[in-house]
Number of protein chains: 2
Amino acid sequence: MIQTLIKEILRKDAPVCVGLDPMLSYVPQAIVAKHLEEEGPGLQAAAAAIEEYNYAIIDAVCDLVPAVKPQIAMYEQFGLPGLAAFAKTCAYAREKGLVVIGDIKRGDIGSTSEAYALGHLGGVKVGEDVYEPFAEDFITVNPYLGSDGILPFIKVAKEKKKGMFVLVKTSNPSSGEFQDLVVDGKPLYEHVAQKVRAWGEEHMGEDYSYVGAVVGATYPEMAARIRKILPKNFILVPGYGAQGGTGKDLAPFFNEDGLGAVVNSSRGIICAYKQEAYSSYGEEHFAEAAREAAKAMIKDIAAGRAGGRNGR
Amino acid sequence: MIQTLIKEILRKDAPVCVGLDPMLSYVPQAIVAKHLEEEGPGLQAAAAAIEEYNYAIIDAVCDLVPAVKPQIAMYEQFGLPGLAAFAKTCAYAREKGLVVIGDIKRGDIGSTSEAYALGHLGGVKVGEDVYEPFAEDFITVNPYLGSDGILPFIKVAKEKKKGMFVLVKTSNPSSGEFQDLVVDGKPLYEHVAQKVRAWGEEHMGEDYSYVGAVVGATYPEMAARIRKILPKNFILVPGYGAQGGTGKDLAPFFNEDGLGAVVNSSRGIICAYKQEAYSSYGEEHFAEAAREAAKAMIKDIAAGRAGGRNGR
């Protein structure tokens with residue numbers, strides 16, 4: 001799956017991922033109202049509204065970008081109907097040729113991590129048959145529990161040629177509270193990055209590993225150091241756009257080959273119609289606004305990468 | 001809810017929690033076979049078998065213990081039917097007067113953590129109404145993202161008088177890879193414990209905070225230091241029994257008042273019928289075996305606490 005991700009990044013010339021993190025307040029009111037009418041009040045109406053919204057955005061961007069990243073929390077909050085919408089969104093995106101990165105940030109130990117891995121990347125056996133409940137291509141995982149928490153994911157991922165991104169340096173303001181604490185002269189996130197490198201060697205593709213790292217767009221200087229620790233691992237980069245990262249900040253996330261990173265934008269794309277720059281589209285044309293925002297992001301990142309290469 | 005937990009611990013004289021982590025291989029074969037027959041092959045059969053198994057165990061232990069801790073991964077691996085079984089298990093346990101600790105180990109940032117918090121502790125608004133999809137009393141959360149990842153949970157928990165346990169020192173062998181790294185002369189887990197103390201002050205009950213810590217039974221010396229940092233926070237203690245912790249190891253987890261900890265056993269109780277000590281019960285009487293194992297655990301922990309107090 002890392003080969004597919006690389007191939008699609010090159011083909012579409014866009015190391016970009018669209019975050020499908022639909023707050024219900026992002027979904028145009030008319031769509032929510034229609035589903036409250038059709039399904040009656042309840043979680044089912046919320047889930048149906050989110051599905052319609054997601055499908056339209058997927059249709060609008062699937063020829064432009066290689067990947068989408070649904071954030072499971074935004075679905076889980078709506079209970080079972082919400083999680084059904086998550087599974088359907090993953091399936092619809094795959095049908096449209098997109099790589100699906102499930103932003104699930106799971107992490108536990110032993111058979112518990114393995115259960116998450118089977119549910120999200122592998123398959124679970126019941127009686128004689130195997131079922132694949134969520135079936136993402138990549139997931140995000142939390143490293144706090146150490147190797148016991150990560151290796152079960154790698155075991156399942158290897159069987160399926162799927163992958164994962166381990167949280168290294170997250171994009172949020174307080175990420176430094178623990179991640180930046182200095183151990184033996186180096187911040188904790190560098191220790192985590194070194195483990196990601198070792199874990200990644202367990203599950204290599206051709207040039208890159210199936211095990212990558214999450215590093216926020218908001219911390220480009222740190223990304224430069226992490227990039228050096230992880231020459232053969234992809235970096236999933238949240239925090240572009242709404243959280244403050246811009247294209248010119250992103251050069252340090254990429255390798256000399258122009259690869260090695262996939263930059264995510266959620267609100268900046270899926271909610272573009274609410275921004276001044278795209279307000280002329282109106283709520284009704286939210287998907288076209290998302291498409292224009294995705295194009296602008298791809299251009300911004302290409303400019304940033306070019307600037308980075310020239311500056312070296 | 002921390003007051004309810006304390007009240008029930010005192011009333012039942014048992015600082016004990018039963019982990020409802022049903023691997024399908026734990027469920028007696030006859031129950032699995034019956035549901036494969038009734039529901040037909042599929043995830044629904046697995047979920048129904050797990051429900052029947054859980055309900056019988058809850059019935060068997062609900063007068064002995066104050067709390068249960070369902071591990072969501074074991075349900076999530078069976079997709080939507082599995083997650084429905086998780087929600088039903090939580091609801092059934094609450095009906096039986098048990099405090100429900102959802103072992104979900106979620107952790108994200110800002111509105112994303114808030115979405116998890118609403119789905120698991122609070123309620124989510126759709127149209128004019130509010131729904132409570134999972135409705136646990138406590139959850140477990142991961143601290144790696146810092147305060148941005150924890151405060152949204154506390155915000156929702158305060159509104160609902162619910163609580164959480166933050167991972168501090170986990171029970172697994174590799175937990176030290178990051179958690180024991182030394183920062184300014186102190187291991188990382190102590191830095192995390194200090195944050196838990198600060199977070200806990202944001203949401204206090206009478207004597208104890210609604211915000212507690214997870215510290216593995218397998219690390220009693222570390223628990224003694226964490227206990228000092230967190231005099232007013234409950235410690236949720238996994239790793240008793242199957243993972244190696246025993247009653248005499250547990251004294252350091254408790255305060256002088258005999259409170260401050262709740263010890264979890266999963267496999268050791270729910271799968272007691274597979275142990276030699278309880279094999280006479282047979283698969284058919286798995287719930288009675290679980291009841292006897294719970295009694296034995298309560299006795300073992302009481303002896304350990306008494307030993308600890310006398311030794312001081």
# chains A, B, ... in the order shown; residues from 1 in each chain; ligands from 1
$ residues_around --residues "Glu190 of chain A" --least-positions-apart "3" --cutoff "8 Å" --atoms "only C-alpha atoms" --output "PyMOL selection string"
chain A and resi 168+186-187+193-194+226+229
$ write_last_selection --atoms "N, CA and C atoms" --output "PDB file, in the first residue's frame"
ATOM      1  N   VAL A 168       4.646  11.120  16.376  1.00  0.00           N
ATOM      2  CA  VAL A 168       5.993  11.488  16.831  1.00  0.00           C
ATOM      3  C   VAL A 168       5.933  12.887  17.438  1.00  0.00           C
ATOM      4  N   LYS A 186      18.416  14.900  23.991  1.00  0.00           N
ATOM      5  CA  LYS A 186      17.544  14.909  22.808  1.00  0.00           C
ATOM      6  C   LYS A 186      16.090  14.914  23.236  1.00  0.00           C
ATOM      7  N   PRO A 187      15.241  15.633  22.508  1.00  0.00           N
ATOM      8  CA  PRO A 187      13.829  15.630  22.892  1.00  0.00           C
ATOM      9  C   PRO A 187      13.201  14.237  22.737  1.00  0.00           C
ATOM     10  N   ALA A 193      11.112   8.906  17.283  1.00  0.00           N
ATOM     11  CA  ALA A 193      11.446   8.790  15.855  1.00  0.00           C
ATOM     12  C   ALA A 193      12.457   7.663  15.633  1.00  0.00           C
ATOM     13  N   GLN A 194      13.417   7.543  16.543  1.00  0.00           N
ATOM     14  CA  GLN A 194      14.398   6.460  16.387  1.00  0.00           C
ATOM     15  C   GLN A 194      13.747   5.083  16.477  1.00  0.00           C
ATOM     16  N   ILE A 226      13.771  15.332  12.356  1.00  0.00           N
ATOM     17  CA  ILE A 226      13.092  14.033  12.251  1.00  0.00           C
ATOM     18  C   ILE A 226      13.314  13.437  10.853  1.00  0.00           C
ATOM     19  N   ILE A 229      16.428  11.566  10.793  1.00  0.00           N
ATOM     20  CA  ILE A 229      16.368  10.291  11.523  1.00  0.00           C
ATOM     21  C   ILE A 229      15.606   9.239  10.711  1.00  0.00           C
TER      22      ILE A 229
END
$ residues_around --residues "Arg94 of chain B" --least-positions-apart "5" --cutoff "12 Å" --atoms "only C-alpha atoms" --output "PyMOL selection string"
chain B and resi 1+4+55+58-59+62+66-69+87-89+99-102+134-138
$ select_by_dssp --residues "segment 18-257 of chain B" --states "alpha helix (DSSP H)" --output "MDAnalysis selection string"
chainID B and resid 29:39 43:61 73:76 79:95 110:120 147:160 176:179 188:201 220:229
$ closest_residue --among "B:Gly97, B:Gly122, B:Gly79, B:Gly212" --to "Val196 of chain B" --atoms "only C-alpha atoms"
B:Gly212
$ closest_residue --among "B:Gly110, B:Gly19, B:Gly247, B:Gly127" --to "Glu39 of chain A" --atoms "only C-alpha atoms"
B:Gly127
$ interface_residues --of "chain B" --to "chain A" --cutoff "6 Å" --atoms "only C-alpha atoms" --output "number ranges by chain"
B: 73-74, 77, 79, 112, 115-116, 119, 133, 145-146, 148, 174-175, 177, 182-183
$ write_last_selection --atoms "N, CA, C and O atoms" --output "tab-separated table (two decimals), in the first residue's frame"
chain	number	residue	atom	x	y	z
B	73	ALA	N	-11.46	-2.36	22.36
B	73	ALA	CA	-10.80	-3.01	21.22
B	73	ALA	C	-11.39	-4.38	20.93
B	73	ALA	O	-11.50	-4.79	19.78
B	74	MET	N	-11.77	-5.09	22.02
B	74	MET	CA	-12.26	-6.45	21.87
B	74	MET	C	-13.63	-6.48	21.18
B	74	MET	O	-14.06	-7.53	20.70
B	77	GLN	N	-13.11	-4.80	17.13
B	77	GLN	CA	-12.61	-5.72	16.10
B	77	GLN	C	-13.74	-6.43	15.37
B	77	GLN	O	-13.54	-6.90	14.26
B	79	GLY	N	-16.41	-4.87	14.42
B	79	GLY	CA	-17.13	-3.85	13.66
B	79	GLY	C	-18.36	-3.34	14.37
B	79	GLY	O	-18.41	-3.29	15.60
B	112	THR	N	-11.41	17.28	18.37
B	112	THR	CA	-11.40	15.83	18.15
B	112	THR	C	-11.49	15.08	19.47
B	112	THR	O	-12.28	14.14	19.61
B	115	ALA	N	-14.93	15.43	20.63
B	115	ALA	CA	-15.87	14.50	19.99
B	115	ALA	C	-15.86	13.14	20.70
B	115	ALA	O	-16.91	12.57	20.99
B	116	TYR	N	-14.65	12.63	21.00
B	116	TYR	CA	-14.58	11.38	21.77
B	116	TYR	C	-15.28	11.54	23.13
B	116	TYR	O	-15.99	10.64	23.59
B	119	GLY	N	-19.03	11.51	22.77
B	119	GLY	CA	-19.54	10.18	22.43
B	119	GLY	C	-19.49	9.20	23.59
B	119	GLY	O	-20.33	8.32	23.72
B	133	PRO	N	-24.31	8.13	23.04
B	133	PRO	CA	-24.09	6.87	22.32
B	133	PRO	C	-23.50	5.75	23.18
B	133	PRO	O	-23.97	4.62	23.12
B	145	LEU	N	-0.34	13.66	23.79
B	145	LEU	CA	-0.53	14.95	23.11
B	145	LEU	C	-0.58	16.14	24.06
B	145	LEU	O	-0.75	17.28	23.63
B	146	GLY	N	-0.45	15.89	25.37
B	146	GLY	CA	-0.41	16.98	26.33
B	146	GLY	C	-1.80	17.52	26.67
B	146	GLY	O	-2.82	16.90	26.36
B	148	ASP	N	-3.73	19.80	25.59
B	148	ASP	CA	-4.74	19.98	24.52
B	148	ASP	C	-5.55	18.71	24.32
B	148	ASP	O	-6.69	18.76	23.84
B	174	SER	N	7.24	-3.52	27.84
B	174	SER	CA	7.96	-2.45	27.14
B	174	SER	C	7.49	-1.06	27.54
B	174	SER	O	7.87	-0.08	26.89
B	175	SER	N	6.69	-0.95	28.59
B	175	SER	CA	6.17	0.39	28.94
B	175	SER	C	7.30	1.36	29.26
B	175	SER	O	7.18	2.56	29.09
B	177	GLU	N	10.06	1.81	27.66
B	177	GLU	CA	10.80	2.34	26.50
B	177	GLU	C	10.72	3.86	26.43
B	177	GLU	O	11.73	4.51	26.20
B	182	VAL	N	14.49	9.27	31.47
B	182	VAL	CA	14.72	10.22	32.56
B	182	VAL	C	14.87	11.65	32.03
B	182	VAL	O	15.70	11.92	31.17
B	183	VAL	N	14.03	12.52	32.57
B	183	VAL	CA	14.02	13.93	32.19
B	183	VAL	C	14.26	14.74	33.47
B	183	VAL	O	13.48	14.60	34.43
$ closest_residue --among "B:Arg291, B:Lys299, B:Lys158, B:Lys96" --to "Val61 of chain B" --atoms "only C-alpha atoms"
B:Arg291
$ atom_distance --atom1 "atom CA of Cys271 of chain A" --atom2 "atom CA of Pro28 of chain A"
9.5 Å
$ closest_residue --among "B:Asp300, B:Glu276, B:Glu256, B:Glu292" --to "Ile57 of chain B" --atoms "only C-alpha atoms"
B:Glu292
$ residues_around --residues "Glu201 of chain A" --least-positions-apart "6" --cutoff "9 Å" --atoms "only C-alpha atoms" --output "CSV table (one decimal) with N, CA and C atoms, in the first residue's frame"
chain,number,residue,atom,x,y,z
A,209,SER,N,9.4,2.7,4.0
A,209,SER,CA,8.7,1.7,4.9
A,209,SER,C,7.2,1.9,4.9
A,210,TYR,N,6.5,0.8,5.3
A,210,TYR,CA,5.1,0.9,5.5
A,210,TYR,C,4.8,1.6,6.9
A,211,VAL,N,5.8,1.8,7.7
A,211,VAL,CA,5.6,2.5,9.0
A,211,VAL,C,6.2,3.9,8.9
A,232,LYS,N,13.8,6.9,5.3
A,232,LYS,CA,13.0,5.9,4.6
A,232,LYS,C,11.6,5.7,5.1
$ residues_around --residues "Ile269 of chain B" --least-positions-apart "3" --cutoff "12 Å" --atoms "only C-alpha atoms" --output "PyMOL selection string"
chain B and resi 16-22+26+54+57-58+60-61+65+68+240-242+264-266+272-275+277-278+286-298
$ write_last_selection --atoms "N, CA and C atoms" --output "short mmCIF file (atom, residue, chain, number, x, y, z; two decimals), in the first residue's frame"
data_model
loop_
_atom_site.label_atom_id
_atom_site.label_comp_id
_atom_site.auth_asym_id
_atom_site.auth_seq_id
_atom_site.Cartn_x
_atom_site.Cartn_y
_atom_site.Cartn_z
N VAL B 16 -12.05 -3.39 43.48
CA VAL B 16 -11.81 -4.35 42.40
C VAL B 16 -12.70 -4.06 41.21
N CYS B 17 -12.18 -4.32 40.07
CA CYS B 17 -12.86 -4.07 38.80
C CYS B 17 -12.69 -5.31 37.93
N VAL B 18 -13.76 -5.72 37.28
CA VAL B 18 -13.68 -6.89 36.40
C VAL B 18 -13.56 -6.42 34.94
N GLY B 19 -12.49 -6.83 34.31
CA GLY B 19 -12.25 -6.42 32.93
C GLY B 19 -13.03 -7.28 31.95
N LEU B 20 -13.94 -6.66 31.25
CA LEU B 20 -14.76 -7.40 30.27
C LEU B 20 -14.08 -7.30 28.90
N ASP B 21 -13.06 -8.12 28.71
CA ASP B 21 -12.23 -8.10 27.49
C ASP B 21 -12.39 -9.42 26.76
N PRO B 22 -13.56 -9.70 26.27
CA PRO B 22 -13.84 -11.05 25.75
C PRO B 22 -13.21 -11.34 24.40
N TYR B 26 -12.41 -16.93 24.47
CA TYR B 26 -12.77 -17.08 25.88
C TYR B 26 -14.20 -17.59 26.04
N ASN B 54 -20.94 -11.86 28.50
CA ASN B 54 -20.78 -10.71 29.41
C ASN B 54 -21.92 -10.61 30.41
N ILE B 57 -21.59 -13.03 33.19
CA ILE B 57 -20.52 -12.65 34.12
C ILE B 57 -20.95 -11.46 34.98
N ILE B 58 -21.57 -10.49 34.36
CA ILE B 58 -22.06 -9.33 35.12
C ILE B 58 -23.04 -9.80 36.22
N ALA B 60 -23.12 -12.59 37.65
CA ALA B 60 -22.42 -13.40 38.65
C ALA B 60 -21.56 -12.58 39.60
N VAL B 61 -21.11 -11.39 39.16
CA VAL B 61 -20.18 -10.62 40.00
C VAL B 61 -20.74 -9.30 40.51
N VAL B 65 -18.45 -6.80 43.24
CA VAL B 65 -17.49 -5.77 42.82
C VAL B 65 -18.21 -4.47 42.48
N VAL B 68 -16.92 -2.51 36.43
CA VAL B 68 -16.41 -3.32 35.32
C VAL B 68 -15.67 -2.41 34.35
N TYR B 240 -3.04 -7.16 37.16
CA TYR B 240 -3.15 -8.12 38.27
C TYR B 240 -3.47 -9.49 37.68
N GLY B 241 -2.90 -10.52 38.29
CA GLY B 241 -3.27 -11.88 37.88
C GLY B 241 -2.52 -12.32 36.64
N ALA B 242 -3.24 -12.43 35.54
CA ALA B 242 -2.65 -13.00 34.32
C ALA B 242 -1.35 -12.31 33.93
N ASN B 264 -7.85 -4.00 38.54
CA ASN B 264 -8.59 -4.72 37.50
C ASN B 264 -8.02 -6.11 37.25
N SER B 265 -8.92 -7.07 37.08
CA SER B 265 -8.51 -8.36 36.52
C SER B 265 -9.48 -8.70 35.39
N SER B 266 -8.92 -9.12 34.28
CA SER B 266 -9.76 -9.46 33.13
C SER B 266 -9.79 -10.98 32.98
N ALA B 272 -11.83 -17.65 34.14
CA ALA B 272 -11.41 -18.53 35.25
C ALA B 272 -11.66 -20.01 34.93
N TYR B 273 -12.75 -20.29 34.25
CA TYR B 273 -13.11 -21.69 33.99
C TYR B 273 -12.04 -22.43 33.20
N LYS B 274 -11.14 -21.69 32.55
CA LYS B 274 -10.07 -22.34 31.81
C LYS B 274 -8.83 -22.58 32.67
N GLN B 275 -8.84 -22.04 33.91
CA GLN B 275 -7.71 -22.25 34.81
C GLN B 275 -7.88 -23.57 35.57
N ALA B 277 -7.39 -24.19 38.66
CA ALA B 277 -8.04 -24.01 39.98
C ALA B 277 -9.57 -24.08 39.89
N TYR B 278 -10.12 -23.69 38.74
CA TYR B 278 -11.58 -23.62 38.61
C TYR B 278 -12.09 -24.59 37.55
N PHE B 286 -19.17 -21.32 33.48
CA PHE B 286 -18.11 -20.30 33.42
C PHE B 286 -18.40 -19.10 34.33
N ALA B 287 -19.68 -18.76 34.48
CA ALA B 287 -20.02 -17.57 35.27
C ALA B 287 -19.81 -17.84 36.77
N GLU B 288 -20.13 -19.05 37.21
CA GLU B 288 -19.86 -19.37 38.62
C GLU B 288 -18.36 -19.41 38.89
N ALA B 289 -17.61 -19.92 37.93
CA ALA B 289 -16.15 -19.91 38.08
C ALA B 289 -15.66 -18.47 38.20
N ALA B 290 -16.23 -17.57 37.39
CA ALA B 290 -15.84 -16.16 37.44
C ALA B 290 -16.15 -15.58 38.83
N ARG B 291 -17.31 -15.95 39.36
CA ARG B 291 -17.70 -15.45 40.69
C ARG B 291 -16.69 -15.91 41.76
N GLU B 292 -16.30 -17.18 41.70
CA GLU B 292 -15.34 -17.69 42.68
C GLU B 292 -13.99 -17.00 42.52
N ALA B 293 -13.59 -16.78 41.28
CA ALA B 293 -12.30 -16.11 41.03
C ALA B 293 -12.34 -14.66 41.54
N ALA B 294 -13.49 -14.01 41.39
CA ALA B 294 -13.62 -12.63 41.90
C ALA B 294 -13.51 -12.62 43.42
N LYS B 295 -14.15 -13.60 44.06
CA LYS B 295 -14.06 -13.69 45.54
C LYS B 295 -12.61 -13.88 45.97
N ALA B 296 -11.92 -14.77 45.28
CA ALA B 296 -10.51 -15.06 45.63
C ALA B 296 -9.65 -13.81 45.45
N MET B 297 -9.93 -13.07 44.38
CA MET B 297 -9.15 -11.84 44.13
C MET B 297 -9.39 -10.81 45.23
N ILE B 298 -10.65 -10.65 45.61
CA ILE B 298 -10.99 -9.67 46.66
C ILE B 298 -10.25 -10.03 47.96
#
$ select_by_dssp --residues "segment 83-205 of chain A" --states "strand (DSSP E)" --output "number ranges by chain"
A: 99-106, 124-126, 129-131, 138-141, 163-169, 182-183, 186-187
$ write_last_selection --atoms "N, CA and C atoms" --output "compact mmCIF listing (two decimals), in the first residue's frame"
# COMPACT_ATOMS: atom_id res chain seq x y z
N VAL A 99 -6.34 6.23 -1.46
CA VAL A 99 -5.74 5.55 -0.32
C VAL A 99 -6.41 6.09 0.94
N VAL A 100 -6.80 5.19 1.84
CA VAL A 100 -7.54 5.62 3.04
C VAL A 100 -6.66 5.51 4.28
N ILE A 101 -6.42 6.65 4.90
CA ILE A 101 -5.65 6.69 6.15
C ILE A 101 -6.64 6.91 7.29
N GLY A 102 -6.89 5.87 8.06
CA GLY A 102 -7.82 5.98 9.19
C GLY A 102 -7.11 6.68 10.35
N ASP A 103 -7.56 7.88 10.68
CA ASP A 103 -6.91 8.60 11.78
C ASP A 103 -7.58 8.16 13.08
N ILE A 104 -7.07 7.05 13.61
CA ILE A 104 -7.74 6.43 14.76
C ILE A 104 -6.90 6.56 16.03
N LYS A 105 -5.63 6.88 15.89
CA LYS A 105 -4.73 7.07 17.06
C LYS A 105 -4.95 6.01 18.13
N ARG A 106 -5.09 4.76 17.75
CA ARG A 106 -5.25 3.69 18.72
C ARG A 106 -3.89 3.31 19.27
N VAL A 124 -11.06 -10.28 11.02
CA VAL A 124 -11.32 -11.04 12.24
C VAL A 124 -12.08 -12.31 11.87
N LYS A 125 -11.69 -13.39 12.51
CA LYS A 125 -12.28 -14.68 12.16
C LYS A 125 -13.49 -14.97 13.06
N VAL A 126 -14.59 -15.34 12.48
CA VAL A 126 -15.76 -15.81 13.24
C VAL A 126 -16.22 -17.09 12.54
N ASP A 129 -15.19 -18.05 8.71
CA ASP A 129 -14.97 -16.94 7.78
C ASP A 129 -14.22 -15.78 8.42
N VAL A 130 -13.65 -14.96 7.55
CA VAL A 130 -12.91 -13.78 7.99
C VAL A 130 -13.62 -12.53 7.49
N TYR A 131 -13.78 -11.56 8.39
CA TYR A 131 -14.49 -10.31 8.07
C TYR A 131 -13.54 -9.13 8.25
N PHE A 138 -4.08 2.57 5.77
CA PHE A 138 -3.14 2.97 6.82
C PHE A 138 -3.97 3.41 8.02
N ILE A 139 -3.34 3.36 9.19
CA ILE A 139 -3.96 3.97 10.37
C ILE A 139 -2.90 4.79 11.10
N THR A 140 -3.35 5.63 12.02
CA THR A 140 -2.42 6.30 12.93
C THR A 140 -2.44 5.58 14.27
N VAL A 141 -1.26 5.51 14.91
CA VAL A 141 -1.16 4.81 16.20
C VAL A 141 -0.35 5.65 17.19
N GLY A 163 -0.20 -0.26 6.22
CA GLY A 163 0.78 0.49 7.00
C GLY A 163 0.20 1.35 8.09
N MET A 164 1.08 2.14 8.69
CA MET A 164 0.64 2.98 9.81
C MET A 164 1.57 4.18 9.96
N PHE A 165 1.06 5.21 10.60
CA PHE A 165 1.84 6.38 10.96
C PHE A 165 1.81 6.50 12.49
N VAL A 166 3.00 6.53 13.07
CA VAL A 166 3.11 6.61 14.53
C VAL A 166 3.22 8.09 14.94
N LEU A 167 2.47 8.50 15.94
CA LEU A 167 2.57 9.88 16.42
C LEU A 167 3.98 10.14 16.92
N VAL A 168 4.65 11.12 16.38
CA VAL A 168 5.99 11.49 16.83
C VAL A 168 5.93 12.89 17.44
N LYS A 169 5.62 13.89 16.60
CA LYS A 169 5.51 15.27 17.09
C LYS A 169 4.20 15.83 16.56
N VAL A 182 13.51 16.77 27.35
CA VAL A 182 14.85 16.37 26.87
C VAL A 182 15.38 15.19 27.67
N VAL A 183 15.71 14.14 26.94
CA VAL A 183 16.25 12.91 27.52
C VAL A 183 17.62 12.68 26.88
N LYS A 186 18.42 14.90 23.99
CA LYS A 186 17.54 14.91 22.81
C LYS A 186 16.09 14.91 23.24
N PRO A 187 15.24 15.63 22.51
CA PRO A 187 13.83 15.63 22.89
C PRO A 187 13.20 14.24 22.74
$ atom_distance --atom1 "atom CA of Gly258 of chain B" --atom2 "atom CA of Met204 of chain B"
19.0 Å
$ atom_distance --atom1 "atom CA of Thr218 of chain B" --atom2 "atom CA of Ile270 of chain B"
20.0 Å
